[in-house]
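Participant: Pasting a structure below so you can have a look.
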Amino acid sequence: MIDKANNKATKNKITSRSEDYSQWYLDVVNMADLAENAPVRGCMIIKPHGYSIWERIQRVLDDRFKETGVSNVYFPLFIPEKFLNKEKDHVEGFAPEVAVVTHAGGKKLEEPLIVRPTSETIMYDTFGNWIQSYRDLPLLLNQWSNIVRWELRPRLFLRTTEFLWQEGHTVHETEEEGDERARQMLEVYRDIAENIMAIPVFTGVKSESEKFAGALRTYTIEAMMQDGKALQFATSHNLGQNFSKAFDVSFLGRNGEKQYGWQTRWGLSTRAIGGLIMTHSDDSGLVLPPRLAPTQAVITTISQSSDNEEIVEKANEIENMLKKESVRVFVDKRDLRPGEKFYEWERKGVPVRIELGAKDIADNSVVLVRRDNGKKVKVELPDLPKSINLLLEEIQTNLYNRALEYRNAKTKFVDNWEDFVKAIEEGNFVHAHWSGEKEVEAQIKSETKATIRYIPFRQEKEEGRCVKSGKPSLERAVFAKAY
RNA sequence: CGGGCCGUGGUGUAACGGCUAACAUACACGAUUCGGGUUCGUGUGAUUCCGGGUUCGAAUCCCGGCGGCCCGACCA
């Protein structure tokens, strides 16, 4: 059963430039069929480091959310079907992919329940009751949950039928305040992506046809994967009053009159893990940036039965020494051949390996090996805490710079159709003038598979002509083939 | 729902219409070894997806079914 599930995952690929990652990431992640004979793929994250990468992301994000005044809540998994129907764009966007519960308790339900594909409807139905006055605002909430979307084509990590995410929902008194919040949260995501996950991202606005179902505006951060395709890493939506009017999220304003709230919604999902893998990993396995890694350093003992006890004791000593320095460290004292242990921790992406054997004990030192470039360095034991912290930061910076360099090389400005097609073909972020027309956008998509990833926030006004239609344009949109 | 490819031990593959369906890996036992996946031996494990047909003879060819994967529409 397990093997069968693994096999399916193996065929559902995530790739780097040259390799299929399937073989090794199964150590970190396991795919499970949630139901026999159903095209369902969930994504189960096992915990080789004591806790998962997703939990690390949760911790880091939660801290940021709290800093901005957001509280956590949890709403039900099942949503009465009628709720979904209240907002027109929203229902049109999600209806095709919701899973519906029609039977329960051995009986047919009078009103079907849907398994949440997102929680706007059930939350906003409640928000109306919670908010009475402008004094109740802003309402700043976040929910960590799983959701289900019956996509036609699931893809490991990037588009699984069930996935984990965080969805933030806020209500504000004014349009300006709402928009500011939407942009603020986008900035939080950018910060996490770049400074914690070492993934350089671009920020901007989605085009009309790419925006969230029911949103006024969708802000996005986009990353470049090693295969030249773009990945929408996270989004933040300014919902305007679309939902507040549909669900009566209203309050008595300062002027004594009834007003509708201005809402935002922002989310980041387990897709981010897919982005992480596809940004940094190499053919030997996962590569985790130190600030994110659940385990930052692993001490591998190299021993024979005669000196094993002494070496393990030393390893524990070093472990305690590093824990005092807040290094997340694990001791691998298993009696295996060294090579076997080395390969295993490499595959799991631990940033630094600390090798400890008889030779090291003899001269009171250890050997540090970097995951990002494989370089080895011998360190005197007293210098270890300082060296390892420096090394972890160096790896973090190196990973970011490496990804940034790659992305820069994969970002092009073009001004005619021929160059556009070529640049898309080669897998680039392509800055090009666009007439702003939906039809042209659709035509470009059908001819090249490229979609508008974002329209940059700040750009010089520049006169140009749409690469496809030739019509005048004042700004560039950024196109790419995307996941 | 359309287009393409494919179904062989647990897994990954091989086998011209012809020998007991082969190899690798995994697993079990024993020995050996330990600063980059030690080595050797022994062993367990397949009605070649299902049903029919052609043939002296089918994993292989034909028909039907079932199932899977990839590409497209949908999408965090």
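Going by the structure tokens order, chains are called A, B, ..., each with residues numbered from 1, while ligands are numbered from 1 in the order shown.
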Select all residues from chain A having any atom no more than 8 Å from an atom of chain B (counting only C-alpha atoms (C1' of nucleotides), ignoring ligands), output as an MDAnalysis selection string.
Facilitator: chainID A and resid 3 11 151:152 158:159 232:234 267:269 271 302:304 336:340 342:343 357
Participant: Find the spatial neighbours of stretch 39-52 of chain B, counting only C-alpha atoms (C1' of nucleotides), within a cut-off of 9 Å - ignore same-chain residues fewer than 3 positions away - and output them as a ChimeraX atom specification.
Facilitator: /B:7-10,21,27-33,59,63-67
Participant: Can those selected residues be exported to a file as a compact mmCIF listing (two decimals), in the first residue's frame so that it contains N, CA and C atoms (P, O5', C5', C4', C3', O3' and C1' of nucleotides)?
Facilitator:
```
# COMPACT_ATOMS: atom_id res chain seq x y z
P G B 7 4.03 -1.90 -21.32
O5' G B 7 3.26 -1.82 -19.93
C5' G B 7 3.70 -2.50 -18.82
C4' G B 7 2.77 -2.26 -17.66
C3' G B 7 2.26 -3.57 -17.06
O3' G B 7 2.20 -3.46 -15.67
C1' G B 7 0.43 -2.18 -17.68
P U B 8 3.54 -3.72 -14.83
O5' U B 8 3.99 -5.17 -15.26
C5' U B 8 3.25 -6.30 -14.83
C4' U B 8 4.12 -7.52 -14.86
C3' U B 8 5.26 -7.54 -13.86
O3' U B 8 4.83 -7.97 -12.57
C1' U B 8 6.08 -8.17 -15.97
P G B 9 4.79 -6.90 -11.40
O5' G B 9 5.19 -7.72 -10.09
C5' G B 9 6.55 -7.98 -9.78
C4' G B 9 6.60 -9.09 -8.76
C3' G B 9 6.99 -8.62 -7.36
O3' G B 9 6.18 -9.30 -6.43
C1' G B 9 8.44 -10.34 -8.07
P G B 10 4.87 -8.55 -5.89
O5' G B 10 5.45 -7.48 -4.87
C5' G B 10 4.55 -6.72 -4.09
C4' G B 10 5.27 -5.55 -3.47
C3' G B 10 5.92 -4.60 -4.48
O3' G B 10 4.99 -3.67 -4.98
C1' G B 10 7.48 -5.12 -2.77
P A B 21 9.89 -19.97 -16.23
O5' A B 21 10.91 -18.75 -16.20
C5' A B 21 11.79 -18.51 -17.28
C4' A B 21 11.91 -17.03 -17.53
C3' A B 21 12.25 -16.19 -16.29
O3' A B 21 13.64 -16.18 -16.07
C1' A B 21 10.43 -15.21 -17.45
P C B 27 16.41 -3.18 3.15
O5' C B 27 15.54 -4.51 3.40
C5' C B 27 14.16 -4.41 3.78
C4' C B 27 13.54 -5.78 3.77
C3' C B 27 14.26 -6.84 4.57
O3' C B 27 13.97 -6.75 5.95
C1' C B 27 13.68 -7.72 2.46
P A B 28 15.15 -7.02 7.01
O5' A B 28 15.18 -8.61 6.98
C5' A B 28 14.08 -9.37 7.48
C4' A B 28 14.41 -10.84 7.42
C3' A B 28 15.77 -11.22 7.99
O3' A B 28 15.73 -11.36 9.39
C1' A B 28 15.49 -12.24 5.88
P C B 29 17.06 -11.05 10.25
O5' C B 29 17.97 -12.31 9.92
C5' C B 29 17.62 -13.61 10.42
C4' C B 29 18.58 -14.64 9.87
C3' C B 29 20.05 -14.37 10.12
O3' C B 29 20.46 -14.72 11.43
C1' C B 29 19.75 -15.04 7.87
P G B 30 21.69 -13.87 12.11
O5' G B 30 22.95 -14.43 11.33
C5' G B 30 23.35 -15.79 11.49
C4' G B 30 24.50 -16.11 10.57
C3' G B 30 25.72 -15.22 10.69
O3' G B 30 26.52 -15.53 11.80
C1' G B 30 25.23 -15.61 8.41
P A B 31 27.41 -14.37 12.55
O5' A B 31 28.58 -14.10 11.51
C5' A B 31 29.69 -15.00 11.45
C4' A B 31 30.45 -14.79 10.16
C3' A B 31 31.30 -13.52 10.09
O3' A B 31 32.53 -13.65 10.77
C1' A B 31 30.11 -13.80 8.06
P U B 32 33.17 -12.35 11.50
O5' U B 32 33.61 -11.41 10.29
C5' U B 32 34.67 -11.78 9.42
C4' U B 32 34.74 -10.84 8.26
C3' U B 32 34.94 -9.36 8.60
O3' U B 32 36.29 -9.03 8.86
C1' U B 32 33.17 -9.56 7.05
P U B 33 36.65 -7.85 9.88
O5' U B 33 36.11 -6.54 9.16
C5' U B 33 36.83 -5.97 8.08
C4' U B 33 36.02 -4.86 7.45
C3' U B 33 35.88 -3.60 8.29
O3' U B 33 37.00 -2.76 8.13
C1' U B 33 33.76 -4.20 7.40
P A B 59 3.24 -16.18 -22.16
O5' A B 59 3.48 -14.75 -21.52
C5' A B 59 2.38 -13.95 -21.14
C4' A B 59 2.75 -12.49 -21.19
C3' A B 59 2.80 -11.91 -22.61
O3' A B 59 1.54 -11.43 -22.99
C1' A B 59 4.78 -11.35 -21.43
P C B 63 -6.54 -4.50 -32.34
O5' C B 63 -7.86 -5.18 -31.75
C5' C B 63 -8.99 -5.44 -32.58
C4' C B 63 -10.09 -6.09 -31.78
C3' C B 63 -10.48 -5.38 -30.50
O3' C B 63 -11.35 -4.29 -30.75
C1' C B 63 -10.24 -7.68 -30.05
P G B 64 -11.31 -3.02 -29.75
O5' G B 64 -11.98 -3.61 -28.44
C5' G B 64 -13.38 -3.93 -28.44
C4' G B 64 -13.76 -4.62 -27.15
C3' G B 64 -13.47 -3.85 -25.87
O3' G B 64 -14.41 -2.83 -25.61
C1' G B 64 -12.79 -6.09 -25.61
P G B 65 -13.93 -1.52 -24.78
O5' G B 65 -13.75 -2.10 -23.30
C5' G B 65 -14.90 -2.45 -22.53
C4' G B 65 -14.50 -3.23 -21.30
C3' G B 65 -13.75 -2.42 -20.24
O3' G B 65 -14.62 -1.65 -19.46
C1' G B 65 -12.65 -4.48 -20.59
P C B 66 -14.18 -0.15 -19.03
O5' C B 66 -13.18 -0.43 -17.83
C5' C B 66 -13.61 -1.18 -16.70
C4' C B 66 -12.42 -1.63 -15.90
C3' C B 66 -11.44 -0.53 -15.50
O3' C B 66 -11.88 0.23 -14.38
C1' C B 66 -10.24 -2.36 -16.34
P G B 67 -11.49 1.80 -14.32
O5' G B 67 -9.92 1.75 -14.06
C5' G B 67 -9.43 1.24 -12.82
C4' G B 67 -7.94 1.09 -12.89
C3' G B 67 -7.15 2.35 -13.17
O3' G B 67 -7.02 3.20 -12.05
C1' G B 67 -6.30 0.60 -14.49
```
Participant: Quick one: distance from atom CA of A:Val148 to atom CA of A:Phe78 in Å, one decimal?
Facilitator: 10.7 Å
Participant: Would you work out the distance separating atom CA of A:Asn428 from atom CA of A:Ala230, expressed in Å to one decimal?
Facilitator: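 Distance reported for this atom pair: 8.2 Å.
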Participant: I need the residues in stretch 277-369 of chain A that are strand (DSSP E or B) according to DSSP; give them as a list of chain:residue names.
Facilitator: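 Everything in stretch 277-369 of chain A that counts as strand (DSSP E or B) is A:Asp282, A:Gly285, A:Ala297, A:Val298, A:Ile299, A:Thr300, A:Thr301, A:Ile302, A:Val329, A:Phe330, A:Val331, A:Asp332, A:Val352, A:Arg353, A:Ile354, A:Glu355, A:Leu356, A:Gly357, A:Ser365, A:Val366, A:Val367, A:Leu368, A:Val369.
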Participant: Please, could you write that set of residues out with C-alpha atoms as a compact mmCIF listing (two decimals), in the first residue's frame?
Facilitator:
```txt
# COMPACT_ATOMS: atom_id res chain seq x y z
CA ASP A 282 19.98 19.70 -6.11
CA GLY A 285 18.34 15.95 -2.36
CA ALA A 297 23.26 20.78 12.14
CA VAL A 298 23.63 17.06 12.54
CA ILE A 299 26.49 15.45 14.41
CA THR A 300 27.42 12.17 12.76
CA THR A 301 29.54 9.88 14.85
CA ILE A 302 32.20 7.87 13.10
CA VAL A 329 21.13 20.21 16.45
CA PHE A 330 20.65 16.46 16.27
CA VAL A 331 23.06 13.63 17.07
CA ASP A 332 23.12 10.64 14.77
CA VAL A 352 25.70 21.57 8.22
CA ARG A 353 27.08 18.15 9.03
CA ILE A 354 29.46 17.85 11.95
CA GLU A 355 31.69 14.81 11.60
CA LEU A 356 33.09 13.41 14.82
CA GLY A 357 35.48 10.45 15.00
CA SER A 365 38.30 19.38 16.80
CA VAL A 366 35.49 18.51 14.41
CA VAL A 367 34.97 18.62 10.64
CA LEU A 368 32.13 20.81 9.35
CA VAL A 369 30.62 20.04 5.96
```
Participant: Could you write out, as an MDAnalysis selection string, all the residues of stretch 178-248 of chain A that DSSP marks as alpha helix (DSSP H)?
Facilitator: chainID A and resid 178:191 242:247
Participant: Include N, CA and C atoms and write out the residues we just selected as a PDB file, in the first residue's frame.
Facilitator:
```
ATOM      1  N   GLY A 178      -7.998  49.029   4.447  1.00  0.00           N
ATOM      2  CA  GLY A 178      -8.037  47.665   3.934  1.00  0.00           C
ATOM      3  C   GLY A 178      -6.909  47.422   2.947  1.00  0.00           C
ATOM      4  N   ASP A 179      -6.744  48.349   2.043  1.00  0.00           N
ATOM      5  CA  ASP A 179      -5.705  48.170   1.027  1.00  0.00           C
ATOM      6  C   ASP A 179      -4.318  48.161   1.661  1.00  0.00           C
ATOM      7  N   GLU A 180      -4.167  49.002   2.661  1.00  0.00           N
ATOM      8  CA  GLU A 180      -2.889  49.071   3.356  1.00  0.00           C
ATOM      9  C   GLU A 180      -2.568  47.732   4.018  1.00  0.00           C
ATOM     10  N   ARG A 181      -3.593  47.123   4.616  1.00  0.00           N
ATOM     11  CA  ARG A 181      -3.425  45.830   5.270  1.00  0.00           C
ATOM     12  C   ARG A 181      -3.062  44.745   4.251  1.00  0.00           C
ATOM     13  N   ALA A 182      -3.753  44.764   3.126  1.00  0.00           N
ATOM     14  CA  ALA A 182      -3.470  43.751   2.094  1.00  0.00           C
ATOM     15  C   ALA A 182      -2.016  43.840   1.657  1.00  0.00           C
ATOM     16  N   ARG A 183      -1.543  45.066   1.495  1.00  0.00           N
ATOM     17  CA  ARG A 183      -0.150  45.250   1.082  1.00  0.00           C
ATOM     18  C   ARG A 183       0.824  44.925   2.207  1.00  0.00           C
ATOM     19  N   GLN A 184       0.421  45.220   3.429  1.00  0.00           N
ATOM     20  CA  GLN A 184       1.268  44.919   4.579  1.00  0.00           C
ATOM     21  C   GLN A 184       1.515  43.410   4.689  1.00  0.00           C
ATOM     22  N   MET A 185       0.451  42.629   4.495  1.00  0.00           N
ATOM     23  CA  MET A 185       0.602  41.185   4.619  1.00  0.00           C
ATOM     24  C   MET A 185       1.421  40.610   3.454  1.00  0.00           C
ATOM     25  N   LEU A 186       1.275  41.216   2.294  1.00  0.00           N
ATOM     26  CA  LEU A 186       2.104  40.788   1.171  1.00  0.00           C
ATOM     27  C   LEU A 186       3.579  40.988   1.527  1.00  0.00           C
ATOM     28  N   GLU A 187       3.828  42.090   2.204  1.00  0.00           N
ATOM     29  CA  GLU A 187       5.193  42.405   2.612  1.00  0.00           C
ATOM     30  C   GLU A 187       5.718  41.375   3.629  1.00  0.00           C
ATOM     31  N   VAL A 188       4.823  40.907   4.495  1.00  0.00           N
ATOM     32  CA  VAL A 188       5.198  39.852   5.448  1.00  0.00           C
ATOM     33  C   VAL A 188       5.628  38.600   4.680  1.00  0.00           C
ATOM     34  N   TYR A 189       4.857  38.251   3.665  1.00  0.00           N
ATOM     35  CA  TYR A 189       5.194  37.068   2.862  1.00  0.00           C
ATOM     36  C   TYR A 189       6.533  37.254   2.141  1.00  0.00           C
ATOM     37  N   ARG A 190       6.731  38.457   1.629  1.00  0.00           N
ATOM     38  CA  ARG A 190       7.988  38.721   0.921  1.00  0.00           C
ATOM     39  C   ARG A 190       9.164  38.536   1.882  1.00  0.00           C
ATOM     40  N   ASP A 191       8.986  39.061   3.075  1.00  0.00           N
ATOM     41  CA  ASP A 191      10.024  38.976   4.093  1.00  0.00           C
ATOM     42  C   ASP A 191      10.343  37.512   4.424  1.00  0.00           C
ATOM     43  N   ASN A 242     -17.159  43.453  -1.759  1.00  0.00           N
ATOM     44  CA  ASN A 242     -17.897  42.388  -2.451  1.00  0.00           C
ATOM     45  C   ASN A 242     -18.541  41.421  -1.480  1.00  0.00           C
ATOM     46  N   PHE A 243     -17.727  40.942  -0.537  1.00  0.00           N
ATOM     47  CA  PHE A 243     -18.245  39.942   0.399  1.00  0.00           C
ATOM     48  C   PHE A 243     -19.055  40.595   1.514  1.00  0.00           C
ATOM     49  N   SER A 244     -18.632  41.758   1.970  1.00  0.00           N
ATOM     50  CA  SER A 244     -19.346  42.361   3.092  1.00  0.00           C
ATOM     51  C   SER A 244     -20.782  42.666   2.701  1.00  0.00           C
ATOM     52  N   LYS A 245     -20.983  43.015   1.441  1.00  0.00           N
ATOM     53  CA  LYS A 245     -22.355  43.266   0.988  1.00  0.00           C
ATOM     54  C   LYS A 245     -23.117  41.948   0.845  1.00  0.00           C
ATOM     55  N   ALA A 246     -22.452  40.916   0.353  1.00  0.00           N
ATOM     56  CA  ALA A 246     -23.127  39.629   0.155  1.00  0.00           C
ATOM     57  C   ALA A 246     -23.465  38.960   1.491  1.00  0.00           C
ATOM     58  N   PHE A 247     -22.606  39.160   2.496  1.00  0.00           N
ATOM     59  CA  PHE A 247     -22.818  38.485   3.778  1.00  0.00           C
ATOM     60  C   PHE A 247     -23.240  39.438   4.887  1.00  0.00           C
TER      61      PHE A 247
END
```
